[in-house]
file query27.txt (compact mmCIF, C-alpha atoms)
# COMPACT_ATOMS: atom_id res chain seq x y z
CA MET D 1 127.23 279.94 161.86
CA ASN D 2 128.48 278.41 158.57
CA GLY D 3 131.96 277.85 159.94
CA ARG D 4 132.65 281.53 160.56
CA ILE D 5 134.05 280.75 164.01
CA VAL D 6 136.82 278.76 162.42
CA LEU D 7 138.20 281.79 160.60
CA PHE D 8 136.51 284.69 162.50
CA SER D 9 138.29 287.97 161.78
CA LEU D 10 141.54 286.24 160.89
CA ILE D 11 140.12 286.46 157.38
CA SER D 12 141.13 290.11 157.33
CA ILE D 13 144.67 289.11 158.25
CA PHE D 14 144.63 286.58 155.42
CA LEU D 15 143.80 289.35 152.96
CA LEU D 16 147.00 291.15 153.90
CA PHE D 17 149.00 288.23 152.58
CA ALA D 18 147.42 288.30 149.10
CA LEU D 19 149.55 291.16 147.84
CA VAL D 20 152.12 291.48 145.06
CA VAL D 21 153.88 288.26 144.02
CA GLU D 22 157.61 288.35 144.57
CA ALA D 23 160.12 285.55 144.10
CA SER D 24 162.22 284.38 147.04
CA ALA D 25 165.31 282.19 146.91
CA GLN D 26 164.98 281.01 150.50
CA THR D 27 164.13 277.35 151.05
CA ARG D 28 160.78 276.90 152.77
CA THR D 29 160.21 273.88 155.00
CA VAL D 30 157.34 272.42 157.03
CA GLY D 31 158.18 272.27 160.73
CA VAL D 32 155.25 270.14 161.96
CA ARG D 33 154.28 266.47 161.55
CA VAL D 34 151.06 264.64 160.86
CA GLY D 35 149.27 264.15 164.17
CA ASN D 36 150.58 267.32 165.80
CA LYS D 37 147.81 269.13 167.65
CA PHE D 38 147.57 272.67 168.96
CA ARG D 39 144.96 274.26 171.20
CA TYR D 40 144.26 277.98 171.46
CA ASP D 41 142.39 280.20 173.90
CA ILE D 42 140.38 283.03 172.34
CA ILE D 43 139.46 286.45 173.73
CA ALA D 44 137.24 289.00 171.97
CA THR D 45 136.35 292.55 173.09
CA TRP D 46 134.12 295.29 171.67
CA SER D 47 133.05 298.77 172.77
CA SER D 48 131.36 301.79 171.20
CA ASN D 49 129.90 305.15 172.24
CA ASP D 50 127.32 304.71 169.47
CA THR D 51 124.23 303.40 171.29
CA SER D 52 122.79 302.04 168.04
CA ALA D 53 125.90 300.01 167.16
CA THR D 54 126.07 296.25 167.76
CA PRO D 55 129.06 293.86 167.82
CA PRO D 56 129.75 292.13 164.48
CA SER D 57 128.88 288.43 164.24
CA ASP D 58 132.51 287.26 164.06
CA LEU D 59 133.24 288.87 167.43
CA VAL D 60 130.11 287.33 168.95
CA ASP D 61 131.11 283.93 167.57
CA ALA D 62 134.66 284.26 168.91
CA ASN D 63 133.36 285.32 172.33
CA ASN D 64 131.19 282.20 172.42
CA THR D 65 134.17 279.93 171.69
CA GLN D 66 135.77 278.13 174.63
CA TRP D 67 138.80 276.80 172.77
CA PHE D 68 140.08 276.20 169.27
CA ASP D 69 142.04 273.16 168.01
CA VAL D 70 144.28 272.74 164.96
CA ASN D 71 145.14 269.11 164.17
CA VAL D 72 147.62 268.35 161.35
CA THR D 73 146.16 265.59 159.15
CA ALA D 74 148.38 265.56 156.03
CA ILE D 75 151.60 267.04 154.65
CA SER D 76 152.67 267.13 151.01
CA GLY D 77 155.75 269.12 150.10
CA THR D 78 155.17 272.56 151.60
CA ASN D 79 151.39 272.03 151.89
CA ILE D 80 149.84 271.40 155.32
CA THR D 81 146.29 270.09 155.70
CA ALA D 82 144.68 270.40 159.12
CA GLN D 83 141.35 269.86 160.85
CA LEU D 84 140.16 272.97 162.66
CA THR D 85 137.69 272.51 165.52
CA SER D 86 135.93 275.25 167.47
CA HIS D 87 134.50 274.12 170.82
CA LEU D 88 131.72 276.47 171.86
CA LYS D 89 130.71 277.35 175.40
CA ASN D 90 127.43 275.47 174.89
CA ASN D 91 129.50 272.27 174.28
CA THR D 92 128.79 272.11 170.56
CA GLU D 93 131.62 271.92 168.03
CA ILE D 94 132.23 273.16 164.50
CA THR D 95 134.86 271.31 162.43
CA THR D 96 136.30 272.00 159.02
CA SER D 97 139.32 270.94 156.96
CA CYS D 98 141.73 273.57 155.61
CA TRP D 99 145.15 273.70 153.97
CA LYS D 100 148.11 276.03 153.72
CA ASP D 101 151.21 276.24 151.53
CA VAL D 102 153.97 277.58 153.80
CA ASN D 103 155.94 278.59 150.73
CA THR D 104 153.50 280.71 148.72
CA GLY D 105 150.85 281.34 151.38
CA SER D 106 148.14 279.78 149.20
CA GLY D 107 145.25 278.00 150.91
CA ASN D 108 142.27 278.74 153.13
CA MET D 109 143.89 278.23 156.54
CA THR D 110 144.90 281.90 156.98
CA ILE D 111 148.00 282.35 159.10
CA PHE D 112 148.27 279.30 161.36
CA PHE D 113 151.45 278.01 159.67
CA ILE D 114 154.52 279.57 158.06
CA SER D 115 157.86 278.05 157.13
CA ALA D 116 160.08 276.80 159.92
CA ASN D 117 163.28 278.66 160.84
CA LEU D 118 162.60 282.03 159.25
CA THR D 119 164.63 284.97 160.53
CA ALA D 120 164.22 288.75 160.74
CA GLY D 121 163.79 290.28 157.29
CA ASP D 122 162.44 287.09 155.68
CA LEU D 123 159.17 287.24 153.78
CA VAL D 124 156.37 285.54 155.69
CA TYR D 125 155.22 284.00 152.39
CA THR D 126 156.88 284.30 149.00
CA SER D 127 153.66 285.69 147.50
CA SER D 128 153.75 288.74 149.80
CA SER D 129 156.29 291.45 149.01
CA SER D 130 155.65 293.68 152.02
CA LEU D 131 155.06 291.38 154.99
CA LYS D 132 158.36 290.39 156.56
CA ILE D 133 159.41 289.01 159.94
CA ASN D 134 160.30 292.02 162.12
CA GLU D 135 162.30 290.21 164.76
CA THR D 136 162.88 286.99 166.65
CA VAL D 137 162.11 287.26 170.37
CA SER D 138 161.94 284.92 173.35
CA ARG D 139 158.42 284.36 174.69
CA THR D 140 156.79 281.83 177.02
CA TYR D 141 154.03 279.51 175.81
CA SER D 142 152.60 276.49 177.61
CA GLY D 143 155.14 277.12 180.37
CA VAL D 144 158.16 276.88 178.04
CA LYS D 145 160.35 279.66 176.64
CA ARG D 146 160.38 279.59 172.83
CA ASP D 147 162.03 281.67 170.13
CA ALA D 148 159.17 283.33 168.25
CA ASN D 149 159.14 285.18 164.92
CA HIS D 150 157.22 288.44 165.31
CA LEU D 151 155.28 290.39 162.69
CA ASN D 152 153.68 293.75 163.48
CA THR D 153 151.74 295.61 160.81
CA THR D 154 148.82 298.01 160.39
CA SER D 155 146.23 298.79 157.73
CA SER D 156 143.83 301.71 157.28
CA ILE D 157 140.70 301.56 155.13
CA SER D 158 137.80 304.05 155.06
CA GLY D 159 138.16 305.34 158.59
CA THR D 160 139.00 301.95 160.08
CA GLN D 161 142.51 301.31 161.37
CA THR D 162 143.61 297.80 162.26
CA GLY D 163 146.80 296.68 163.96
CA TYR D 164 148.13 293.14 163.85
CA ASP D 165 150.61 291.43 166.17
CA LEU D 166 151.49 287.86 165.19
CA TYR D 167 153.99 285.42 166.65
CA TRP D 168 155.03 282.07 165.18
CA ASP D 169 157.23 279.49 166.88
CA LYS D 170 160.52 279.81 165.02
CA SER D 171 161.57 276.15 164.83
CA THR D 172 158.13 274.81 163.81
CA GLY D 173 156.39 277.74 162.08
CA VAL D 174 153.18 277.25 164.04
CA LEU D 175 151.19 280.30 165.20
CA VAL D 176 151.54 280.81 168.95
CA GLU D 177 149.93 284.21 169.47
CA GLU D 178 147.85 286.72 167.53
CA LEU D 179 146.21 290.01 168.41
CA GLN D 180 144.06 292.07 166.05
CA GLU D 181 142.91 295.49 167.28
CA THR D 182 140.53 297.65 165.24
CA THR D 183 139.40 301.26 165.70
CA ASN D 184 136.66 302.83 163.61
CA GLN D 185 135.97 306.56 163.71
CA THR D 186 132.67 307.72 162.20
CA GLY D 187 131.97 311.35 163.04
CA THR D 188 131.92 311.61 166.83
CA TYR D 189 131.44 307.86 167.28
CA THR D 190 134.38 305.61 168.12
CA THR D 191 134.13 301.83 168.01
CA THR D 192 136.98 299.58 169.09
CA SER D 193 137.31 295.82 168.98
CA SER D 194 139.94 293.14 169.38
CA ILE D 195 140.36 289.43 168.83
CA GLY D 196 143.27 287.59 170.36
CA LEU D 197 144.31 283.99 170.54
CA GLN D 198 147.22 282.30 172.25
CA ILE D 199 148.40 278.72 172.17
CA SER D 200 147.55 276.93 175.41
CA SER D 201 148.87 273.43 174.67
CA SER D 202 151.07 271.71 172.11
CA ASP D 203 152.52 268.24 171.67
CA LEU D 204 155.64 269.69 170.04
CA TRP D 205 157.08 270.86 173.34
CA VAL D 206 156.49 269.44 176.80
CA VAL D 207 156.75 271.26 180.11
CA PRO D 208 159.38 269.37 182.17
CA GLU D 209 158.40 268.40 185.69
CA PHE D 210 161.80 269.60 186.92
CA PRO D 211 164.54 271.57 185.17
CA THR D 212 167.34 269.34 183.87
CA TRP D 213 169.86 270.53 186.46
CA THR D 214 167.34 269.90 189.27
CA SER D 215 166.73 266.35 188.10
CA ALA D 216 170.48 265.70 187.91
CA LEU D 217 170.97 267.10 191.42
CA LEU D 218 168.17 264.92 192.82
CA ILE D 219 169.65 261.82 191.20
CA LEU D 220 173.09 262.66 192.62
CA ILE D 221 171.64 263.11 196.12
CA MET D 222 169.76 259.80 195.88
CA LEU D 223 172.87 257.93 194.70
CA THR D 224 175.01 259.50 197.43
CA SER D 225 172.43 258.60 200.11
CA ALA D 226 172.16 255.02 198.83
CA THR D 227 175.97 254.62 198.86
CA TRP D 228 176.14 255.93 202.43
CA VAL D 229 173.42 253.49 203.62
CA ILE D 230 175.18 250.55 201.97
CA ALA D 231 178.51 251.53 203.53
CA ARG D 232 176.87 251.74 206.95
CA GLN D 233 175.30 248.33 206.53
CA ARG D 234 178.67 246.75 205.62
CA GLN D 235 180.49 248.05 208.71
CA PRO D 236 181.21 245.18 211.26
CA LYS D 237 179.23 245.42 214.47
CA ARG D 238 181.37 246.12 217.53
CA PRO D 239 180.45 244.50 220.88
CA PHE D 240 179.53 246.77 223.76
CA ARG D 241 182.06 246.98 226.57

call {"tool": "encode", "arguments": {"input": "query27.txt", "output": "structure tokens"}}
result
Amino acid sequence: MNGRIVLFSLISIFLLFALVVEASAQTRTVGVRVGNKFRYDIIATWSSNDTSATPPSDLVDANNTQWFDVNVTAISGTNITAQLTSHLKNNTEITTSCWKDVNTGSGNMTIFFISANLTAGDLVYTSSSSLKINETVSRTYSGVKRDANHLNTTSSISGTQTGYDLYWDKSTGVLVEELQETTNQTGTYTTTSSIGLQISSSDLWVVPEFPTWTSALLILIMLTSATWVIARQRQPKRPFR
């Protein structure tokens, strides 16, 4: 498969970021650390009323992928190097090393990382003059509510229209959700496809076993109960009359 699973159709998203260079005065920072690891679930769909049409290989590859890991291996300035591993449903794995500059957007790791702490209206990368964060919204990933920077955009080329929805964790800049939906109209034939991935685990945030207030309440109840037992034990025994 020559590593195509690792990038699948995210390559087309990557092309959107190679637009007109524009300077940006905003400071760009890396929000992850070496050793951080992220796992994603992948879903791919395809349909067509053209009986002679077949799904493209990147969709087939994505559909055969059970999960996808991104493991940060090195950081230098605003450059992030990571090992990307696709675990297939037949228990084989494909691994490659990629890098990304969260400042300029340079590198071959597509859109897995952007700068930490961007806000609405900020350029996703300083090398792209048209792709900006639309909004910051609250979403739930791995059981935890996170502020996420959202980008929604579309492209249309030769009868094919593609929509992109991307979400990055605001405080770390790591991709948490992506959906790419494509519609192709050729005469009377309509072909639609989609590839989506969503983060399923991360070592940057941990799901608490109990909410903080619940833990505090349990501790208070335990301390109160222990005090009551001790007080009972210290009371002098009275003889029966």

call {"tool": "atom_distance", "arguments": {"input": "query27.txt", "atom1": "CA of Thr126 (chain D)", "atom2": "CA of Thr104 (chain D)"}}
result
4.9 Å

call {"tool": "atom_distance", "arguments": {"input": "query27.txt", "atom1": "CA of Ser97 (chain D)", "atom2": "CA of Arg39 (chain D)"}}
result
15.7 Å

call {"tool": "closest_residue", "arguments": {"input": "query27.txt", "among": "D:Asn49, D:Ala116, D:Asn149, D:Lys132", "to": "Thr188 (chain D)", "atoms": "all atoms listed in the file"}}
result
D:Asn49

call {"tool": "atom_distance", "arguments": {"input": "query27.txt", "atom1": "CA of Gly121 (chain D)", "atom2": "CA of Val102 (chain D)"}}
result
16.4 Å

call {"tool": "closest_atom_pairs", "arguments": {"input": "query27.txt", "of": "region 79-127 of chain D", "to": "region 27-31 of chain D", "cutoff": "10 Å", "atoms": "all atoms listed in the file", "output": "CSV"}}
result
residue,atom,partner,partner_atom,distance
D:Asn79,CA,D:Val30,CA,7.9
D:Ile80,CA,D:Val30,CA,7.8
D:Asp101,CA,D:Val30,CA,9.1
D:Val102,CA,D:Arg28,CA,6.9
D:Asn103,CA,D:Arg28,CA,5.5
D:Thr104,CA,D:Arg28,CA,9.2
D:Phe113,CA,D:Val30,CA,8.5
D:Ile114,CA,D:Val30,CA,7.8
D:Ser115,CA,D:Thr29,CA,5.2
D:Ala116,CA,D:Gly31,CA,5.0
D:Asn117,CA,D:Thr29,CA,8.1
D:Leu118,CA,D:Arg28,CA,8.5
D:Tyr125,CA,D:Arg28,CA,9.0
D:Thr126,CA,D:Arg28,CA,9.2

call {"tool": "residues_around", "arguments": {"input": "query27.txt", "residues": "region 183-187 of chain D", "least_positions_apart": "3", "cutoff": "10 Å", "atoms": "only C-alpha atoms", "output": "list in words"}}
result
Trp46, Ser47, Ser48, Asp50, Ser156, Ile157, Ser158, Gly159, Thr160, Gln161, Thr162, Gly163, Thr190, Thr191, Thr192, Ser193 and Ser194 of chain D

call {"tool": "residues_around", "arguments": {"input": "query27.txt", "residues": "Leu204 (chain D)", "least_positions_apart": "4", "cutoff": "9 Å", "atoms": "all atoms listed in the file", "output": "list in words"}}
result
Val32, Asn36, Lys37, Phe38 and Thr172 of chain D

call {"tool": "closest_residue", "arguments": {"input": "query27.txt", "among": "D:Ser86, D:Thr51, D:Asn71, D:Ser200", "to": "Gly35 (chain D)", "atoms": "all atoms listed in the file"}}
result
D:Asn71

call {"tool": "closest_residue", "arguments": {"input": "query27.txt", "among": "D:Val124, D:Asn90, D:Thr95, D:Trp205", "to": "Val144 (chain D)", "atoms": "all atoms listed in the file"}}
result
D:Trp205

call {"tool": "closest_residue", "arguments": {"input": "query27.txt", "among": "D:Tyr40, D:Lys145, D:Ala120, D:Gln198", "to": "Thr85 (chain D)", "atoms": "all atoms listed in the file"}}
result
D:Tyr40
